[in-house]
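Undergrad: Provided herewith: entry.txt, compact mmCIF, C-alpha atoms and all ligand atoms.
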# COMPACT_ATOMS: atom_id res chain seq x y z
CA MET A 1 106.29 65.75 82.19
CA SER A 2 106.18 65.22 85.95
CA ASN A 3 103.32 66.46 88.12
CA VAL A 4 105.59 68.98 89.75
CA GLU A 5 106.42 70.64 86.44
CA MET A 6 102.75 70.79 85.54
CA GLU A 7 101.96 72.43 88.89
CA THR A 8 104.44 75.24 88.33
CA LYS A 9 103.11 75.88 84.82
CA LYS A 10 99.55 76.40 86.08
CA PRO A 11 98.59 80.07 85.58
CA ASN A 12 98.18 82.03 88.78
CA HIS A 13 94.70 83.54 88.40
CA GLU A 14 95.20 85.69 91.48
CA TYR A 15 98.25 87.34 89.91
CA ARG A 16 96.25 87.95 86.75
CA ALA A 17 93.45 89.36 88.89
CA TYR A 18 96.00 91.76 90.38
CA LYS A 19 96.97 93.03 86.93
CA ALA A 20 93.38 93.10 85.66
CA TRP A 21 92.21 95.04 88.72
CA ASN A 22 94.63 97.88 87.88
CA VAL A 23 93.47 97.99 84.25
CA MET A 24 89.79 97.95 85.22
CA ILE A 25 90.28 100.76 87.73
CA GLU A 26 91.85 102.89 84.96
CA TYR A 27 88.77 102.39 82.80
CA ALA A 28 86.44 103.02 85.73
CA HIS A 29 88.16 106.36 86.44
CA GLN A 30 87.47 107.39 82.87
CA GLY A 31 83.86 106.24 83.07
CA MET A 32 84.44 103.64 80.35
CA THR A 33 83.62 99.99 79.88
CA VAL A 34 86.34 97.63 78.63
CA THR A 35 85.92 94.64 76.32
CA TYR A 36 87.09 91.17 77.31
CA LYS A 37 89.51 91.34 74.43
CA ALA A 38 91.01 94.69 75.40
CA LEU A 39 91.36 93.57 79.01
CA ALA A 40 92.97 90.28 77.99
CA ASP A 41 95.35 92.10 75.63
CA ALA A 42 96.31 94.56 78.36
CA ILE A 43 97.49 91.79 80.65
CA GLY A 44 98.84 89.56 77.91
CA VAL A 45 96.49 86.55 77.96
CA HIS A 46 93.89 85.01 75.66
CA HIS A 47 90.40 86.51 76.10
CA ARG A 48 88.97 83.09 76.98
CA ALA A 49 91.12 83.17 80.10
CA CYS A 50 89.26 86.24 81.42
CA ARG A 51 86.67 84.45 83.47
CA TYR A 52 89.32 82.74 85.62
CA PHE A 53 90.67 86.01 86.93
CA LEU A 54 87.36 87.90 86.79
CA ASP A 55 85.76 85.33 89.13
CA PRO A 56 88.00 86.17 92.12
CA ILE A 57 87.47 89.90 91.45
CA GLN A 58 83.71 89.42 91.33
CA ASP A 59 83.76 87.31 94.51
CA TYR A 60 85.86 89.89 96.27
CA CYS A 61 83.56 92.80 95.36
CA LEU A 62 80.50 90.82 96.44
CA ALA A 63 82.06 89.80 99.76
CA GLN A 64 83.27 93.33 100.54
CA LYS A 65 80.02 94.95 99.29
CA LEU A 66 81.94 97.02 96.75
CA PRO A 67 80.36 98.24 93.49
CA PRO A 68 80.30 95.43 90.87
CA LEU A 69 83.64 96.19 89.22
CA THR A 70 83.31 93.27 86.81
CA SER A 71 80.14 94.84 85.33
CA ILE A 72 82.27 97.17 83.21
CA VAL A 73 83.87 94.23 81.36
CA VAL A 74 81.67 93.51 78.34
CA ASN A 75 81.68 91.89 74.90
CA GLN A 76 81.41 93.73 71.57
CA GLU A 77 77.63 94.05 72.09
CA GLY A 78 78.11 95.67 75.48
CA LYS A 79 76.90 92.58 77.35
CA VAL A 80 78.49 90.76 80.27
CA GLY A 81 79.49 87.12 79.87
CA GLN A 82 78.36 83.90 81.50
CA GLY A 83 79.23 83.59 85.14
CA PHE A 84 78.51 87.23 85.85
CA ILE A 85 76.30 87.38 88.95
CA ALA A 86 77.39 90.61 90.63
CA TRP A 87 74.46 92.69 89.36
CA ASP A 88 71.06 92.37 87.66
CA THR A 89 72.01 92.03 83.97
CA ASP A 90 68.76 93.74 82.86
CA ASN A 91 69.90 96.81 84.71
CA LEU A 92 73.60 96.70 84.03
CA GLU A 93 74.01 100.44 83.55
CA GLU A 94 73.00 101.08 87.13
CA GLY A 95 75.79 98.80 88.36
CA GLN A 96 78.28 100.35 85.97
CA ASN A 97 77.40 103.83 87.20
CA LEU A 98 78.16 102.78 90.75
CA VAL A 99 81.54 101.58 89.54
CA PHE A 100 82.23 104.80 87.63
CA HIS A 101 81.40 107.00 90.61
CA TYR A 102 83.20 105.03 93.29
CA ASN A 103 86.44 106.45 94.65
CA TRP A 104 88.67 103.49 93.80
CA SER A 105 91.88 105.42 94.38
CA ASN A 106 91.28 105.08 98.12
CA TYR A 107 90.99 101.32 97.74
CA PRO A 108 94.18 99.25 97.53
CA ASN A 109 94.39 96.43 95.01
CA PRO A 110 93.26 93.41 97.07
CA PHE A 111 95.42 91.01 95.06
CA ILE A 112 98.64 92.86 95.87
CA TYR A 113 100.00 89.80 97.68
CA ALA A 114 100.00 87.77 94.47
CA GLU A 115 103.20 87.27 92.59
CA PRO A 116 103.68 84.76 89.82
CA ASP A 117 104.07 81.99 92.41
CA ILE A 118 101.95 83.19 95.34
CA THR A 119 98.29 82.30 95.91
CA GLN A 120 95.94 82.60 98.88
CA GLU A 121 96.11 78.86 99.28
CA ALA A 122 99.89 78.96 99.59
CA LEU A 123 99.64 81.86 102.05
CA TYR A 124 97.09 80.30 104.38
CA LYS A 125 99.17 77.15 104.61
CA GLU A 126 102.09 79.29 105.77
CA LEU A 127 100.00 80.23 108.79
CA PHE A 128 100.34 76.68 110.12
CA ASP A 129 103.82 77.83 111.09
CA VAL A 130 102.72 80.40 113.66
CA GLU A 131 106.08 82.19 113.47
CA LYS A 132 105.12 83.35 109.97
CA ALA A 133 101.86 85.07 110.97
CA LYS A 134 103.40 88.54 110.94
CA ASP A 135 105.16 88.05 107.57
CA VAL A 136 101.97 86.90 105.93
CA TYR A 137 100.01 89.80 107.41
CA GLU A 138 102.57 92.33 106.15
CA ARG A 139 102.55 90.76 102.74
CA VAL A 140 98.77 90.76 102.36
CA LYS A 141 98.07 94.26 103.74
CA VAL A 142 94.40 94.33 102.68
CA ARG A 143 92.09 93.42 105.54
CA GLY A 144 89.50 91.61 103.40
CA VAL A 145 92.13 89.26 102.00
CA ALA A 146 93.85 88.81 105.37
CA GLN A 147 90.57 87.68 106.90
CA SER A 148 89.81 85.38 104.01
CA ILE A 149 93.20 83.68 104.42
CA PHE A 150 92.72 83.42 108.18
CA ARG A 151 89.32 81.82 107.71
CA GLN A 152 90.67 79.28 105.21
CA ALA A 153 93.40 78.29 107.65
CA LEU A 154 90.90 77.93 110.52
CA LEU A 155 88.50 75.91 108.36
CA GLU A 156 91.27 73.40 107.83
CA VAL A 157 92.60 73.40 111.39
CA TYR A 158 89.11 73.02 112.93
CA ASP A 159 88.09 70.39 110.40
CA GLY A 160 85.29 72.57 109.01
CA LYS A 161 83.19 72.58 112.20
CA CYS A 162 82.13 75.21 114.73
CA ALA A 163 84.34 74.74 117.81
CA PHE A 164 81.31 75.25 120.07
CA CYS A 165 78.51 73.30 118.42
CA ASN A 166 80.03 71.26 115.54
CA PHE A 167 77.84 72.97 112.96
CA LYS A 168 79.49 72.25 109.64
CA VAL A 169 77.89 74.16 106.77
CA GLU A 170 80.91 75.99 105.39
CA GLU A 171 79.01 79.08 104.22
CA ALA A 172 78.02 79.84 107.83
CA LEU A 173 81.43 79.26 109.39
CA GLU A 174 83.54 82.27 110.32
CA ALA A 175 86.92 83.11 111.75
CA ALA A 176 86.54 84.62 115.22
CA HIS A 177 89.43 86.53 116.82
CA ILE A 178 90.18 86.03 120.51
CA ILE A 179 92.04 89.34 120.74
CA PRO A 180 89.80 91.42 118.48
CA TRP A 181 91.34 92.61 115.18
CA HIS A 182 91.59 96.25 116.28
CA TYR A 183 93.42 95.39 119.50
CA ALA A 184 95.66 92.70 117.99
CA GLN A 185 99.32 93.38 117.22
CA ASP A 186 100.47 92.67 113.67
CA GLU A 187 101.88 89.29 114.71
CA GLU A 188 98.58 88.37 116.41
CA LYS A 189 96.16 89.29 113.62
CA LEU A 190 96.75 86.10 111.61
CA ASP A 191 98.08 83.90 114.41
CA ILE A 192 95.94 80.75 114.30
CA ARG A 193 96.26 80.56 118.11
CA ASN A 194 94.35 83.86 118.20
CA GLY A 195 91.45 82.39 116.23
CA ILE A 196 88.57 79.99 116.65
CA LEU A 197 86.29 78.71 113.91
CA LEU A 198 82.69 79.45 114.88
CA CYS A 199 79.29 79.36 113.20
CA SER A 200 77.80 82.82 112.50
CA ASN A 201 75.53 82.59 115.51
CA HIS A 202 78.25 81.66 117.98
CA HIS A 203 80.62 84.17 116.41
CA LYS A 204 78.15 86.95 117.14
CA LEU A 205 77.59 85.75 120.71
CA PHE A 206 81.36 85.46 121.19
CA ASP A 207 81.98 88.96 119.85
CA HIS A 208 79.48 90.30 122.38
CA ASP A 209 81.10 88.29 125.19
CA ILE A 210 77.86 86.45 125.85
CA PHE A 211 79.78 83.27 125.02
CA LYS A 212 83.40 83.09 126.04
CA VAL A 213 86.22 80.59 126.18
CA ASN A 214 87.77 80.00 129.60
CA GLU A 215 91.45 79.23 130.08
CA ASP A 216 90.67 75.54 130.59
CA TYR A 217 88.95 75.63 127.16
CA THR A 218 85.46 75.29 128.59
CA ILE A 219 82.66 77.51 127.28
CA GLY A 220 81.37 80.22 129.59
CA VAL A 221 77.89 81.61 128.97
CA ALA A 222 76.63 84.88 130.40
CA ARG A 223 73.06 86.14 130.70
CA TYR A 224 71.18 82.99 129.80
CA LYS A 225 71.15 79.23 130.23
CA SER A 226 72.77 77.15 127.51
CA LYS A 227 73.49 73.46 127.40
CA LEU A 228 76.92 74.38 126.00
CA SER A 229 77.88 76.10 129.25
CA GLY A 230 80.87 74.34 130.87
CA ARG A 231 81.40 72.07 127.87
CA LYS A 232 84.87 71.89 126.36
CA ILE A 233 85.39 73.45 122.91
CA ARG A 234 86.53 71.19 120.12
CA LEU A 235 90.27 71.79 119.78
CA PRO A 236 92.50 71.39 116.73
CA GLU A 237 94.29 68.10 116.32
CA LYS A 238 97.65 69.92 116.29
CA THR A 239 98.16 70.98 119.90
CA TRP A 240 100.51 73.84 118.95
CA LEU A 241 97.62 75.50 117.12
CA TRP A 242 95.27 75.52 120.14
CA PRO A 243 94.01 78.92 121.26
CA GLN A 244 96.75 80.51 123.32
CA LYS A 245 95.97 81.07 126.99
CA GLU A 246 97.70 84.46 126.99
CA TYR A 247 95.33 85.60 124.28
CA ILE A 248 92.33 84.35 126.25
CA GLU A 249 93.65 86.25 129.29
CA LYS A 250 94.23 89.39 127.26
CA ARG A 251 90.70 89.31 125.89
CA ALA A 252 89.29 88.87 129.38
CA SER A 253 91.22 91.93 130.55
CA LEU A 254 89.86 93.94 127.63
CA THR A 255 86.25 93.12 128.50
CA GLU A 256 86.56 93.67 132.25
CA THR A 257 86.82 97.42 131.85
ZN ZN B 1 78.22 77.07 116.61
Kindly present the structure from the file in structure tokens form.
TA:
Amino acid sequence: MSNVEMETKKPNHEYRAYKAWNVMIEYAHQGMTVTYKALADAIGVHHRACRYFLDPIQDYCLAQKLPPLTSIVVNQEGKVGQGFIAWDTDNLEEGQNLVFHYNWSNYPNPFIYAEPDITQEALYKELFDVEKAKDVYERVKVRGVAQSIFRQALLEVYDGKCAFCNFKVEEALEAAHIIPWHYAQDEEKLDIRNGILLCSNHHKLFDHDIFKVNEDYTIGVARYKSKLSGRKIRLPEKTWLWPQKEYIEKRASLTET
């Protein structure tokens, strides 16, 4: 069998997460836990496969500060399995009660973008073609996922380093928007040229316009002295993915008022 064939046969855990999410929400509405086996049966997989699609659900709930949805999936003894970290296991009922009382019907399934052949990794790579930014955004719909995809694309484009200070611990690197999310048009929200990879600290300073990027790609610093002032940001290797000057201009006009 060739590598290509093996690739296409790999199960898409994000698509399974999409199906599992819907099943789990049904149980949550009824105030019931669900066994690994029942969940696996409902989506047509072996129960040992559960952890591969429960992991992305758990990660998502943790990142979005949602109740620990995965806490309602238990074994025959009512216990959660290995790899469960979303809640204190000695106090599982408390977490489950949060899940049971949360209004999930207002919350869209975050894995809605996934089809048998679509993953976040495939989607973020599409963003390297900036013409596709709007398509990808419309496909993803859920803001938490959209931002996760945008960050993954920027991590790759900026070589995993803060564009201001080169800090490179991935956990503290974030996707900053030049035109802020709420002001951005649909085609600008996931346009790599509307993003910069920054460390948490510089992201915060950038969001407050204490640090800014000038049209010549130098760093402008307001209110205090910084050795980064006037220094050029580190730009992506691919010139067509550099921050777009029109976006920099538009942001400046937003903050002038
Ligand atoms: Zn930084």
Undergrad: Could you please extract the residues within 10 Å of ligand ZN 1 (chain B), counting only C-alpha atoms and all ligand atoms, and hand them back as a PDB file with C-alpha atoms, in the coordinates of the input?
TA:
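Dumped to part_39.pdb:
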ATOM      1  CA  LYS A 161      83.190  72.580 112.200  1.00  0.00           C
ATOM      2  CA  CYS A 162      82.130  75.210 114.730  1.00  0.00           C
ATOM      3  CA  ALA A 163      84.340  74.740 117.810  1.00  0.00           C
ATOM      4  CA  PHE A 164      81.310  75.250 120.070  1.00  0.00           C
ATOM      5  CA  CYS A 165      78.510  73.300 118.420  1.00  0.00           C
ATOM      6  CA  ASN A 166      80.030  71.260 115.540  1.00  0.00           C
ATOM      7  CA  PHE A 167      77.840  72.970 112.960  1.00  0.00           C
ATOM      8  CA  LYS A 168      79.490  72.250 109.640  1.00  0.00           C
ATOM      9  CA  ALA A 172      78.020  79.840 107.830  1.00  0.00           C
ATOM     10  CA  LEU A 173      81.430  79.260 109.390  1.00  0.00           C
ATOM     11  CA  GLU A 174      83.540  82.270 110.320  1.00  0.00           C
ATOM     12  CA  LEU A 197      86.290  78.710 113.910  1.00  0.00           C
ATOM     13  CA  LEU A 198      82.690  79.450 114.880  1.00  0.00           C
ATOM     14  CA  CYS A 199      79.290  79.360 113.200  1.00  0.00           C
ATOM     15  CA  SER A 200      77.800  82.820 112.500  1.00  0.00           C
ATOM     16  CA  ASN A 201      75.530  82.590 115.510  1.00  0.00           C
ATOM     17  CA  HIS A 202      78.250  81.660 117.980  1.00  0.00           C
ATOM     18  CA  HIS A 203      80.620  84.170 116.410  1.00  0.00           C
ATOM     19  CA  LYS A 204      78.150  86.950 117.140  1.00  0.00           C
ATOM     20  CA  LEU A 205      77.590  85.750 120.710  1.00  0.00           C
ATOM     21  CA  LEU A 228      76.920  74.380 126.000  1.00  0.00           C
TER      22      LEU A 228
END
Undergrad: Hey, can you check how far CA of Val99 (chain A) sits from CA of Pro67 (chain A)?
TA: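 Computing it gives 5.3 Å between the two atoms.
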Undergrad: Region 109-113 of chain A: which residues within 7 Å, counting all atoms listed in the file, same-chain residues fewer than 4 positions away excluded, as a PyMOL selection string?
TA: chain A and resi 14-15+17-18+21+139-140+142+145
Undergrad: Pick out the residues sitting within 6 Å of region 35-38 of chain A, and hand them over as a short mmCIF file (atom, residue, chain, number, x, y, z; two decimals) with C-alpha atoms, in the coordinates of the input; count only C-alpha atoms, and ignore anything fewer than 4 positions along from it in its own chain.
TA:
data_model
loop_
_atom_site.label_atom_id
_atom_site.label_comp_id
_atom_site.auth_asym_id
_atom_site.auth_seq_id
_atom_site.Cartn_x
_atom_site.Cartn_y
_atom_site.Cartn_z
CA HIS A 47 90.40 86.51 76.10
CA VAL A 73 83.87 94.23 81.36
CA VAL A 74 81.67 93.51 78.34
CA ASN A 75 81.68 91.89 74.90
#
Undergrad: For Ser148 (chain A), list every protein, DNA or RNA residue within 10 Å, evaluated using only C-alpha atoms, and leave out those in the same chain fewer than 4 positions away; present the list as an NGL selection string.
TA: :A and (60 or 63 or 120 or 124 or 143-144 or 152-154 or 174-175)
Undergrad: Could those residues be written to a file, using C-alpha atoms, as a JSON list (two decimals), in the coordinates of the input?
TA:
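Produced file part25.json, reproduced below:
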[["chain", "number", "residue", "atom", "x", "y", "z"],
["A", 60, "TYR", "CA", 85.86, 89.89, 96.27],
["A", 63, "ALA", "CA", 82.06, 89.80, 99.76],
["A", 120, "GLN", "CA", 95.94, 82.60, 98.88],
["A", 124, "TYR", "CA", 97.09, 80.30, 104.38],
["A", 143, "ARG", "CA", 92.09, 93.42, 105.54],
["A", 144, "GLY", "CA", 89.50, 91.61, 103.40],
["A", 152, "GLN", "CA", 90.67, 79.28, 105.21],
["A", 153, "ALA", "CA", 93.40, 78.29, 107.65],
["A", 154, "LEU", "CA", 90.90, 77.93, 110.52],
["A", 174, "GLU", "CA", 83.54, 82.27, 110.32],
["A", 175, "ALA", "CA", 86.92, 83.11, 111.75]]
Undergrad: Do you know which residues are at most 10 Å from Phe100 (chain A) counting only C-alpha atoms, after dropping those on the same chain fewer than 2 positions away, and could you put them as a CSV table (one decimal) with C-alpha atoms, keeping the file's coordinate frame?
TA:
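Once everything was written out, this is part31.csv:
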chain,number,residue,atom,x,y,z
A,25,ILE,CA,90.3,100.8,87.7
A,27,TYR,CA,88.8,102.4,82.8
A,28,ALA,CA,86.4,103.0,85.7
A,29,HIS,CA,88.2,106.4,86.4
A,30,GLN,CA,87.5,107.4,82.9
A,31,GLY,CA,83.9,106.2,83.1
A,32,MET,CA,84.4,103.6,80.4
A,33,THR,CA,83.6,100.0,79.9
A,67,PRO,CA,80.4,98.2,93.5
A,69,LEU,CA,83.6,96.2,89.2
A,72,ILE,CA,82.3,97.2,83.2
A,94,GLU,CA,73.0,101.1,87.1
A,95,GLY,CA,75.8,98.8,88.4
A,96,GLN,CA,78.3,100.4,86.0
A,97,ASN,CA,77.4,103.8,87.2
A,98,LEU,CA,78.2,102.8,90.8
A,102,TYR,CA,83.2,105.0,93.3
A,103,ASN,CA,86.4,106.4,94.6
A,104,TRP,CA,88.7,103.5,93.8
Undergrad: Per residue of region 67-133 of chain A within 10 Å of region 186-189 of chain A, what are the shortest atom pair and its distance in Å to one decimal, counting only C-alpha atoms, with rows by chain and residue number, as a tab-separated table?
TA:
residue	atom	partner	partner_atom	distance
A:Val130	CA	A:Glu187	CA	9.0
A:Glu131	CA	A:Glu187	CA	8.3
A:Lys132	CA	A:Glu187	CA	8.3
A:Ala133	CA	A:Glu187	CA	5.6
Undergrad: Distance CA of Pro68 (chain A)-CA of Ile85 (chain A), one decimal place?
TA: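 Here the two named atoms are 9.2 Å from each other.
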Undergrad: Leaving out Lys250 (chain A) and any residue of its chain fewer than 4 positions from it, which residues lie within 8 Å of it when counting all atoms listed in the file, given as JSON, numbers by chain?
TA: {"A": [179, 246, 254]}
